file target34.cif (mmCIF, C-alpha atoms)
data_start
#
loop_
_atom_site.label_atom_id
_atom_site.label_comp_id
_atom_site.auth_asym_id
_atom_site.auth_seq_id
_atom_site.Cartn_x
_atom_site.Cartn_y
_atom_site.Cartn_z
CA MET A 1 180.87 180.73 53.89
CA ILE A 2 182.58 177.53 55.00
CA PHE A 3 186.14 177.21 56.27
CA TYR A 4 187.43 173.66 56.36
CA PHE A 5 190.44 171.48 56.99
CA SER A 6 190.93 167.90 55.87
CA GLY A 7 193.92 165.62 55.38
CA CYS A 8 192.54 162.29 54.15
CA GLY A 9 189.26 163.54 52.72
CA ASN A 10 186.63 162.69 55.34
CA SER A 11 186.05 166.30 56.39
CA ARG A 12 186.44 167.50 52.81
CA HIS A 13 183.51 165.25 51.83
CA VAL A 14 181.41 166.83 54.59
CA ALA A 15 182.45 170.36 53.61
CA GLU A 16 181.76 169.79 49.91
CA THR A 17 178.35 168.27 50.66
CA LEU A 18 177.43 171.23 52.86
CA ALA A 19 178.65 173.73 50.28
CA ALA A 20 176.73 172.06 47.46
CA GLN A 21 173.43 171.84 49.33
CA LEU A 22 173.71 175.24 51.02
CA ASN A 23 174.94 176.89 47.82
CA ASP A 24 177.91 178.13 49.82
CA THR A 25 181.59 178.86 49.21
CA LEU A 26 184.53 176.81 50.51
CA THR A 27 187.85 178.07 51.84
CA PHE A 28 190.63 175.60 52.68
CA ILE A 29 192.13 176.81 55.95
CA PRO A 30 195.80 175.95 55.22
CA GLU A 31 195.66 177.81 51.89
CA ALA A 32 194.10 180.88 53.50
CA ALA A 33 196.71 180.83 56.28
CA ARG A 34 199.59 180.54 53.80
CA ALA A 35 198.24 183.54 51.90
CA ASP A 36 197.81 185.48 55.16
CA ARG A 37 194.14 185.84 54.22
CA TYR A 38 192.14 186.44 57.39
CA ASP A 39 189.74 189.27 56.43
CA TYR A 40 186.31 188.31 55.10
CA SER A 41 182.82 189.68 54.77
CA LEU A 42 179.50 187.86 55.01
CA ALA A 43 176.47 188.64 52.89
CA GLU A 44 173.31 189.53 54.77
CA GLY A 45 171.92 186.41 56.43
CA GLU A 46 174.87 184.26 55.33
CA LEU A 47 175.89 181.34 57.54
CA LEU A 48 179.43 180.97 58.83
CA GLY A 49 180.51 177.34 59.01
CA PHE A 50 183.60 175.40 60.02
CA VAL A 51 184.36 171.77 59.15
CA PHE A 52 187.28 169.84 60.56
CA PRO A 53 188.39 166.42 61.87
CA ILE A 54 188.89 165.71 65.54
CA TYR A 55 192.55 165.35 66.55
CA SER A 56 193.02 163.81 69.98
CA TRP A 57 189.51 164.78 71.16
CA ALA A 58 189.74 168.45 70.15
CA PRO A 59 189.80 170.66 67.05
CA PRO A 60 193.16 170.62 65.26
CA ARG A 61 195.48 173.30 66.56
CA LEU A 62 195.77 174.86 63.09
CA VAL A 63 191.98 175.33 62.99
CA LEU A 64 191.92 177.11 66.35
CA ASP A 65 194.93 179.23 65.33
CA PHE A 66 193.14 180.27 62.15
CA LEU A 67 189.92 181.04 64.01
CA LYS A 68 191.82 183.25 66.44
CA GLN A 69 193.10 185.42 63.58
CA LEU A 70 189.94 185.34 61.46
CA ARG A 71 188.27 188.73 61.03
CA MET A 72 184.77 189.43 59.74
CA ALA A 73 183.52 192.82 58.59
CA GLN A 74 180.40 192.19 60.67
CA THR A 75 179.52 189.97 63.61
CA PRO A 76 178.19 186.68 62.16
CA GLY A 77 174.59 186.00 63.06
CA TYR A 78 174.72 182.22 62.76
CA VAL A 79 177.87 180.17 63.33
CA TYR A 80 178.08 176.39 63.20
CA PHE A 81 180.66 173.65 63.00
CA ALA A 82 180.55 170.09 61.71
CA CYS A 83 183.31 167.73 62.75
CA THR A 84 184.34 164.21 61.83
CA CYS A 85 185.75 161.74 64.31
CA GLY A 86 186.68 158.08 64.50
CA ASP A 87 184.72 157.59 67.69
CA GLN A 88 184.38 160.50 70.17
CA CYS A 89 184.86 164.27 70.26
CA GLY A 90 185.55 164.96 73.91
CA GLN A 91 185.03 168.61 74.85
CA THR A 92 185.36 169.91 71.31
CA GLU A 93 182.10 171.88 71.56
CA LYS A 94 183.20 173.68 74.73
CA ILE A 95 186.63 174.43 73.26
CA PHE A 96 185.22 175.81 70.02
CA ARG A 97 182.46 177.74 71.76
CA LYS A 98 185.02 179.40 74.04
CA ALA A 99 187.21 180.32 71.04
CA LEU A 100 184.19 181.99 69.41
CA GLN A 101 183.22 183.80 72.60
CA GLU A 102 186.69 185.29 72.84
CA LYS A 103 185.93 186.94 69.49
CA GLY A 104 182.51 188.13 70.62
CA TRP A 105 180.78 185.51 68.47
CA GLU A 106 178.25 182.87 69.45
CA LEU A 107 178.01 179.21 68.46
CA SER A 108 174.55 178.47 67.06
CA ALA A 109 174.81 174.79 66.08
CA CYS A 110 177.23 171.90 65.92
CA PHE A 111 177.19 168.22 65.07
CA SER A 112 179.66 165.37 64.78
CA MET A 113 179.85 162.42 62.43
CA LYS A 114 181.84 159.22 62.75
CA MET A 115 183.98 158.62 59.70
CA PRO A 116 186.57 155.93 58.90
CA GLU A 117 189.67 155.93 61.09
CA THR A 118 192.83 157.49 59.65
CA TYR A 119 195.10 157.97 62.68
CA ILE A 120 197.13 154.80 63.18
CA ALA A 121 200.42 156.21 64.44
CA PHE A 122 200.23 154.51 67.85
CA ALA A 123 200.45 150.84 68.73
CA GLY A 124 196.95 149.37 68.94
CA PHE A 125 195.41 152.00 66.64
CA LYS A 126 194.08 150.47 63.44
CA LEU A 127 191.85 151.18 60.47
CA ASP A 128 188.18 150.27 60.38
CA THR A 129 187.13 147.23 58.41
CA GLU A 130 185.81 147.99 54.94
CA GLU A 131 182.30 147.15 56.13
CA MET A 132 182.55 149.53 59.09
CA ALA A 133 184.03 152.29 56.93
CA LYS A 134 181.14 152.05 54.48
CA LYS A 135 178.63 152.14 57.34
CA LYS A 136 180.23 155.25 58.84
CA ILE A 137 180.14 157.05 55.50
CA ALA A 138 176.49 156.10 54.93
CA ASP A 139 175.59 157.26 58.45
CA THR A 140 177.42 160.54 57.87
CA ASP A 141 175.50 161.18 54.66
CA ALA A 142 172.25 160.50 56.52
CA THR A 143 173.28 162.93 59.28
CA LEU A 144 174.07 165.61 56.69
CA ASN A 145 170.74 165.10 54.95
CA ARG A 146 168.97 165.47 58.29
CA ASN A 147 170.88 168.50 59.54
CA ILE A 148 171.35 170.61 56.42
CA PRO A 149 167.68 171.71 56.45
CA ARG A 150 168.16 172.65 60.12
CA LEU A 151 171.10 174.84 59.15
CA MET A 152 169.04 176.42 56.38
CA ASN A 153 166.35 177.23 58.94
CA LYS A 154 169.01 178.55 61.33
CA GLU A 155 167.94 176.21 64.10
CA ARG A 156 169.99 176.05 67.28
CA PHE A 157 171.12 172.51 68.08
CA SER A 158 174.00 170.39 69.33
CA GLU A 159 174.65 166.77 68.33
CA ILE A 160 178.15 165.94 69.55
CA THR A 161 179.43 162.52 70.62
CA VAL A 162 181.31 163.56 73.76
CA GLY A 163 182.39 160.22 75.27
CA ARG A 164 183.84 159.36 78.67
CA LEU A 165 186.65 161.19 80.47
CA ALA A 166 186.12 164.10 78.10
CA TRP A 167 188.05 166.73 80.08
CA LEU A 168 191.07 164.46 80.53
CA LYS A 169 191.13 163.54 76.84
CA SER A 170 190.53 167.03 75.43
CA HIS A 171 192.95 168.87 77.68
CA VAL A 172 195.61 166.62 79.23
CA ILE A 173 195.97 164.04 76.43
CA ASN A 174 195.39 166.59 73.68
CA SER A 175 198.06 168.87 75.11
CA SER A 176 200.54 165.98 75.08
CA PHE A 177 199.50 165.08 71.53
CA ASN A 178 200.15 168.61 70.27
CA LYS A 179 203.46 168.80 72.09
CA TYR A 180 204.91 165.37 71.42
CA ALA A 181 202.90 163.40 68.85
CA THR A 182 203.06 165.81 65.91
CA ASP A 183 206.77 165.17 65.50
CA ASP A 184 207.36 164.28 61.84
CA ARG A 185 210.89 162.93 62.46
CA LYS A 186 209.49 159.42 62.75
CA TYR A 187 208.23 159.48 59.15
CA LEU A 188 210.36 157.57 56.68
CA SER A 189 210.16 156.13 53.19
CA ASN A 190 211.44 152.66 52.37
CA ASP A 191 212.94 151.22 49.21
CA LYS A 192 209.51 150.82 47.61
CA CYS A 193 209.43 154.62 47.07
CA ILE A 194 209.04 155.48 43.37
CA SER A 195 209.74 159.23 43.75
CA CYS A 196 206.29 160.08 42.39
CA GLY A 197 205.82 163.12 44.61
CA LYS A 198 202.29 162.20 45.64
CA CYS A 199 203.15 162.87 49.29
CA VAL A 200 204.33 166.36 48.37
CA GLU A 201 201.11 166.98 46.46
CA VAL A 202 198.69 165.85 49.19
CA CYS A 203 200.35 167.43 52.25
CA PRO A 204 197.95 170.22 53.27
CA LEU A 205 200.71 172.16 55.05
CA GLN A 206 203.25 171.81 52.21
CA ASN A 207 205.57 170.25 54.78
CA ILE A 208 207.13 167.68 52.43
CA THR A 209 209.77 168.13 49.75
CA LEU A 210 211.64 165.60 47.64
CA GLN A 211 215.33 165.27 48.41
CA ASP A 212 217.30 162.94 46.15
CA GLY A 213 213.96 161.50 45.04
CA ARG A 214 212.78 160.69 48.56
CA PRO A 215 210.30 162.61 50.74
CA LYS A 216 211.73 164.87 53.42
CA TRP A 217 209.51 166.15 56.24
CA ASN A 218 210.33 169.68 57.30
CA GLY A 219 209.04 170.04 60.85
CA HIS A 220 205.59 171.58 60.35
CA CYS A 221 203.40 168.49 60.60
CA THR A 222 199.86 168.33 61.97
CA MET A 223 199.74 164.49 61.80
CA CYS A 224 196.89 164.25 59.32
CA MET A 225 198.74 161.25 57.83
CA ALA A 226 197.71 162.17 54.27
CA CYS A 227 201.21 161.32 53.04
CA TYR A 228 201.03 157.82 54.50
CA HIS A 229 197.53 157.02 53.28
CA HIS A 230 197.93 158.43 49.75
CA CYS A 231 201.27 156.80 48.91
CA PRO A 232 200.49 154.60 45.88
CA VAL A 233 203.02 151.93 46.92
CA ASN A 234 202.68 152.23 50.74
CA ALA A 235 206.35 153.23 50.95
CA ILE A 236 205.81 155.73 53.79
CA GLN A 237 205.76 154.58 57.40
CA TYR A 238 205.65 156.28 60.78
CA GLY A 239 208.40 154.41 62.56
CA LYS A 240 207.17 150.86 63.14
CA ALA A 241 203.72 151.92 64.35
CA THR A 242 202.10 151.82 60.90
CA GLU A 243 203.71 148.70 59.49
CA GLY A 244 201.15 146.33 57.97
CA LYS A 245 198.13 148.43 58.95
CA GLY A 246 196.88 149.30 55.47
CA GLN A 247 195.73 152.62 54.05
CA TYR A 248 192.56 154.67 53.74
CA PHE A 249 191.53 157.97 52.23
CA PHE A 250 188.06 159.10 51.20
CA ARG A 251 187.15 158.26 47.62
CA ASN A 252 183.99 159.65 46.05
#
call {"tool": "encode", "arguments": {"input": "target34.cif", "output": "structure tokens"}}
result
Amino acid sequence: MIFYFSGCGNSRHVAETLAAQLNDTLTFIPEAARADRYDYSLAEGELLGFVFPIYSWAPPRLVLDFLKQLRMAQTPGYVYFACTCGDQCGQTEKIFRKALQEKGWELSACFSMKMPETYIAFAGFKLDTEEMAKKKIADTDATLNRNIPRLMNKERFSEITVGRLAWLKSHVINSSFNKYATDDRKYLSNDKCISCGKCVEVCPLQNITLQDGRPKWNGHCTMCMACYHHCPVNAIQYGKATEGKGQYFFRN
């Protein structure tokens, strides 16, 4: 059983690859949360996996909130997570391990993979070049091919890119990110908007509605930036921070 979250498709690619090769089932965390579906049961010997992107050097808040409420009919025997990041993960392993321990569960394995950048809502943040994006995706597929047999064999391992100043990034900066940088009031659509509704369709939290043909953000944003990156005419911007920076979402 694999629970996953993804906005622009990087983590979805990882989750789908894991599910296909492990012959496992996928549950999209926002859909489960909307349905108030937190009770599950594992088959004997079944793995319990989580896949998510790194947001400000930590798991997304919605993933940790879901994990806190998740209930299993039996204590899982093997729990792992696979995360995608643009560069570093900070203290993600420690944070996730602690969240599991609070439930009486144990983390068995974890690994991170660098995938193309998607978060460009700050000055100085930019997308990877096409060449770098392709390299990251190829490296991720190689990492999956190497680690999936290890998951099948229920090996215990950790392959996380922690980076420098991990505690500061994962606690102080992440706390500020969750408090101040998930504000969707800076999102806007310009006159290029064609009222296609793609932003409504791709928002994993169903936070966007169309009002007079234009997107309206309704205050429940996680800053995945799916709306920005999927807009077919690049009509969505996040203030001035995203102007001229281009778009990216994972394409098979």
call {"tool": "resolve_selection", "arguments": {"input": "target34.cif", "expression": "the PyMOL selection byres ((chain A and resi 195) around 8)", "output": "number ranges by chain"}}
result
A: 193-194, 196-197, 210, 213-215
call {"tool": "resolve_selection", "arguments": {"input": "target34.cif", "expression": "the PyMOL selection byres ((chain A and resi 113) around 6)", "output": "PyMOL selection string"}}
result
chain A and resi 84+112+114+140
call {"tool": "atom_distance", "arguments": {"input": "target34.cif", "atom1": "atom CA of A:Thr25", "atom2": "atom CA of A:Asn207"}}
result
26.1 Å
call {"tool": "closest_atom_pairs", "arguments": {"input": "target34.cif", "of": "stretch 131-157 of chain A", "to": "stretch 38-51 of chain A", "cutoff": "12 Å", "atoms": "only C-alpha atoms", "output": "CSV"}}
result
residue,atom,partner,partner_atom,distance
A:Ile148,CA,A:Gly49,CA,11.7
A:Arg150,CA,A:Leu47,CA,11.9
A:Leu151,CA,A:Leu47,CA,8.2
A:Met152,CA,A:Leu47,CA,8.5
A:Asn153,CA,A:Leu47,CA,10.5
A:Lys154,CA,A:Leu47,CA,8.3
A:Glu155,CA,A:Leu47,CA,11.5
call {"tool": "residues_around", "arguments": {"input": "target34.cif", "residues": "A:Pro30", "least_positions_apart": "5", "cutoff": "9 Å", "atoms": "all atoms listed in the file", "output": "PDB file with C-alpha atoms, in the coordinates of the input"}}
result
ATOM      1  CA  TYR A   4     187.430 173.660  56.360  1.00  0.00           C
ATOM      2  CA  PHE A   5     190.440 171.480  56.990  1.00  0.00           C
ATOM      3  CA  ALA A  35     198.240 183.540  51.900  1.00  0.00           C
ATOM      4  CA  LEU A  62     195.770 174.860  63.090  1.00  0.00           C
ATOM      5  CA  VAL A  63     191.980 175.330  62.990  1.00  0.00           C
ATOM      6  CA  PHE A  66     193.140 180.270  62.150  1.00  0.00           C
ATOM      7  CA  PRO A 204     197.950 170.220  53.270  1.00  0.00           C
ATOM      8  CA  LEU A 205     200.710 172.160  55.050  1.00  0.00           C
TER       9      LEU A 205
END
call {"tool": "resolve_selection", "arguments": {"input": "target34.cif", "expression": "the PyMOL selection byres ((chain A and resi 122) around 12)", "output": "PyMOL selection string"}}
result
chain A and resi 56+118-121+123-127+177+181-182+186+223+237-243+245
call {"tool": "closest_residue", "arguments": {"input": "target34.cif", "among": "A:Gly219, A:Gly77, A:Gly9, A:Pro59", "to": "A:Ile137", "atoms": "all atoms listed in the file"}}
result
A:Gly9
call {"tool": "atom_distance", "arguments": {"input": "target34.cif", "atom1": "atom CA of A:Ala133", "atom2": "atom CA of A:Arg12"}}
result
15.9 Å
call {"tool": "axis_aligned_box", "arguments": {"input": "target34.cif", "around": "stretch 93-103 of chain A", "padding_each_side": "3 Å", "output": "JSON"}}
result
{"center_x": 184.7, "center_y": 179.4, "center_z": 72.1, "size_x": 11.1, "size_y": 21.1, "size_z": 11.3}
call {"tool": "residues_around", "arguments": {"input": "target34.cif", "residues": "A:Pro76", "least_positions_apart": "2", "cutoff": "7 Å", "atoms": "only C-alpha atoms", "output": "PyMOL selection string"}}
result
chain A and resi 48+74+78-79+105
call {"tool": "closest_residue", "arguments": {"input": "target34.cif", "among": "A:Glu117, A:Thr222, A:Glu130, A:Asp141", "to": "A:Lys179", "atoms": "all atoms listed in the file"}}
result
A:Thr222
call {"tool": "residues_near_point", "arguments": {"input": "target34.cif", "point": "(178.0, 172.2, 58.9)", "cutoff": "9 Å", "atoms": "only C-alpha atoms", "output": "list in words"}}
result
Ile2, Val14, Ala15, Leu18, Ala19, Leu48, Gly49, Phe50, Val51, Tyr80, Phe81, Ala82, Cys83, Ala109, Cys110, Phe111, Leu144, Asn147, Ile148 and Leu151 of chain A
call {"tool": "write_last_selection", "arguments": {"input": "target34.cif", "atoms": "C-alpha atoms", "output": "tab-separated table (two decimals), keeping the file's coordinate frame"}}
result
chain	number	residue	atom	x	y	z
A	2	ILE	CA	182.58	177.53	55.00
A	14	VAL	CA	181.41	166.83	54.59
A	15	ALA	CA	182.45	170.36	53.61
A	18	LEU	CA	177.43	171.23	52.86
A	19	ALA	CA	178.65	173.73	50.28
A	48	LEU	CA	179.43	180.97	58.83
A	49	GLY	CA	180.51	177.34	59.01
A	50	PHE	CA	183.60	175.40	60.02
A	51	VAL	CA	184.36	171.77	59.15
A	80	TYR	CA	178.08	176.39	63.20
A	81	PHE	CA	180.66	173.65	63.00
A	82	ALA	CA	180.55	170.09	61.71
A	83	CYS	CA	183.31	167.73	62.75
A	109	ALA	CA	174.81	174.79	66.08
A	110	CYS	CA	177.23	171.90	65.92
A	111	PHE	CA	177.19	168.22	65.07
A	144	LEU	CA	174.07	165.61	56.69
A	147	ASN	CA	170.88	168.50	59.54
A	148	ILE	CA	171.35	170.61	56.42
A	151	LEU	CA	171.10	174.84	59.15
call {"tool": "atom_distance", "arguments": {"input": "target34.cif", "atom1": "atom CA of A:Asn190", "atom2": "atom CA of A:Tyr228"}}
result
11.8 Å
call {"tool": "residues_near_point", "arguments": {"input": "target34.cif", "point": "(186.8, 171.3, 66.9)", "cutoff": "6 Å", "atoms": "all atoms listed in the file", "output": "number ranges by chain"}}
result
A: 58-59, 92, 96
call {"tool": "closest_residue", "arguments": {"input": "target34.cif", "among": "A:Asn23, A:Ser6, A:Thr75, A:Gln88", "to": "A:Gln101", "atoms": "all atoms listed in the file"}}
result
A:Thr75
call {"tool": "closest_residue", "arguments": {"input": "target34.cif", "among": "A:Arg71, A:His229, A:Arg146, A:Lys136", "to": "A:Gly104", "atoms": "all atoms listed in the file"}}
result
A:Arg71
call {"tool": "residues_around", "arguments": {"input": "target34.cif", "residues": "A:His230", "least_positions_apart": "3", "cutoff": "8 Å", "atoms": "only C-alpha atoms", "output": "ChimeraX atom specification"}}
result
/A:8,198-199,202,226-227,234,247-249
call {"tool": "decode", "arguments": {"input": "target34.cif", "residues": "stretch 177-214 of chain A", "atoms": "N, CA and C atoms", "output": "compact mmCIF listing (two decimals), in the first residue's frame"}}
result
# COMPACT_ATOMS: atom_id res chain seq x y z
N PHE A 177 7.87 29.06 6.35
CA PHE A 177 7.25 28.72 5.07
C PHE A 177 5.79 28.33 5.26
N ASN A 178 5.53 27.44 6.21
CA ASN A 178 4.16 26.98 6.44
C ASN A 178 3.26 28.11 6.94
N LYS A 179 3.84 29.03 7.68
CA LYS A 179 3.04 30.10 8.27
C LYS A 179 2.80 31.25 7.30
N TYR A 180 3.81 31.58 6.50
CA TYR A 180 3.72 32.79 5.69
C TYR A 180 3.74 32.56 4.17
N ALA A 181 4.38 31.50 3.71
CA ALA A 181 4.63 31.35 2.27
C ALA A 181 3.63 30.45 1.56
N THR A 182 2.60 30.01 2.26
CA THR A 182 1.54 29.23 1.61
C THR A 182 0.29 30.09 1.40
N ASP A 183 0.50 31.38 1.42
CA ASP A 183 -0.59 32.34 1.24
C ASP A 183 -0.92 32.44 -0.25
N ASP A 184 -2.13 32.02 -0.64
CA ASP A 184 -2.48 32.02 -2.06
C ASP A 184 -3.01 33.36 -2.55
N ARG A 185 -3.00 34.40 -1.70
CA ARG A 185 -3.54 35.70 -2.13
C ARG A 185 -2.65 36.39 -3.15
N LYS A 186 -1.42 35.91 -3.30
CA LYS A 186 -0.53 36.51 -4.30
C LYS A 186 -0.76 35.93 -5.70
N TYR A 187 -1.51 34.84 -5.80
CA TYR A 187 -1.80 34.27 -7.12
C TYR A 187 -2.75 35.19 -7.88
N LEU A 188 -2.52 35.28 -9.17
CA LEU A 188 -3.39 36.08 -10.02
C LEU A 188 -3.38 35.50 -11.42
N SER A 189 -4.38 35.85 -12.19
CA SER A 189 -4.40 35.48 -13.61
C SER A 189 -4.47 36.75 -14.42
N ASN A 190 -3.69 36.79 -15.51
CA ASN A 190 -3.68 38.00 -16.34
C ASN A 190 -4.63 37.85 -17.52
N ASP A 191 -4.57 38.81 -18.43
CA ASP A 191 -5.54 38.85 -19.53
C ASP A 191 -5.34 37.74 -20.55
N LYS A 192 -4.28 36.95 -20.42
CA LYS A 192 -4.11 35.82 -21.33
C LYS A 192 -5.03 34.65 -20.96
N CYS A 193 -5.64 34.70 -19.77
CA CYS A 193 -6.49 33.61 -19.29
C CYS A 193 -7.60 33.30 -20.30
N ILE A 194 -7.78 32.03 -20.61
CA ILE A 194 -8.80 31.60 -21.58
C ILE A 194 -9.96 30.87 -20.91
N SER A 195 -10.01 30.93 -19.59
CA SER A 195 -11.13 30.34 -18.82
C SER A 195 -11.30 28.86 -19.10
N CYS A 196 -10.18 28.16 -19.29
CA CYS A 196 -10.26 26.73 -19.63
C CYS A 196 -10.52 25.84 -18.42
N GLY A 197 -10.22 26.34 -17.23
CA GLY A 197 -10.45 25.55 -16.03
C GLY A 197 -9.39 24.52 -15.72
N LYS A 198 -8.27 24.56 -16.43
CA LYS A 198 -7.20 23.59 -16.17
C LYS A 198 -6.68 23.73 -14.75
N CYS A 199 -6.57 24.95 -14.26
CA CYS A 199 -6.08 25.17 -12.89
C CYS A 199 -7.01 24.54 -11.86
N VAL A 200 -8.31 24.61 -12.11
CA VAL A 200 -9.28 23.98 -11.22
C VAL A 200 -9.08 22.47 -11.23
N GLU A 201 -8.88 21.93 -12.41
CA GLU A 201 -8.72 20.48 -12.58
C GLU A 201 -7.49 19.93 -11.88
N VAL A 202 -6.36 20.65 -11.95
CA VAL A 202 -5.10 20.09 -11.46
C VAL A 202 -4.84 20.38 -9.99
N CYS A 203 -5.57 21.29 -9.37
CA CYS A 203 -5.30 21.62 -7.97
C CYS A 203 -5.60 20.42 -7.09
N PRO A 204 -4.61 19.86 -6.41
CA PRO A 204 -4.84 18.64 -5.62
C PRO A 204 -5.73 18.87 -4.41
N LEU A 205 -5.82 20.11 -3.95
CA LEU A 205 -6.64 20.41 -2.77
C LEU A 205 -8.00 20.99 -3.13
N GLN A 206 -8.30 21.04 -4.44
CA GLN A 206 -9.57 21.62 -4.90
C GLN A 206 -9.77 23.02 -4.31
N ASN A 207 -8.70 23.80 -4.34
CA ASN A 207 -8.68 25.12 -3.74
C ASN A 207 -9.06 26.24 -4.73
N ILE A 208 -9.25 25.87 -6.01
CA ILE A 208 -9.49 26.88 -7.03
C ILE A 208 -10.87 26.70 -7.64
N THR A 209 -11.57 27.80 -7.80
CA THR A 209 -12.84 27.81 -8.53
C THR A 209 -12.77 28.89 -9.59
N LEU A 210 -13.65 28.81 -10.57
CA LEU A 210 -13.73 29.87 -11.58
C LEU A 210 -14.80 30.87 -11.17
N GLN A 211 -14.43 32.13 -11.18
CA GLN A 211 -15.37 33.20 -10.86
C GLN A 211 -15.34 34.21 -12.00
N ASP A 212 -16.44 34.34 -12.69
CA ASP A 212 -16.51 35.18 -13.89
C ASP A 212 -15.45 34.77 -14.90
N GLY A 213 -15.21 33.46 -14.99
CA GLY A 213 -14.28 32.93 -15.98
C GLY A 213 -12.82 32.99 -15.57
N ARG A 214 -12.52 33.50 -14.40
CA ARG A 214 -11.14 33.61 -13.94
C ARG A 214 -10.94 32.75 -12.68
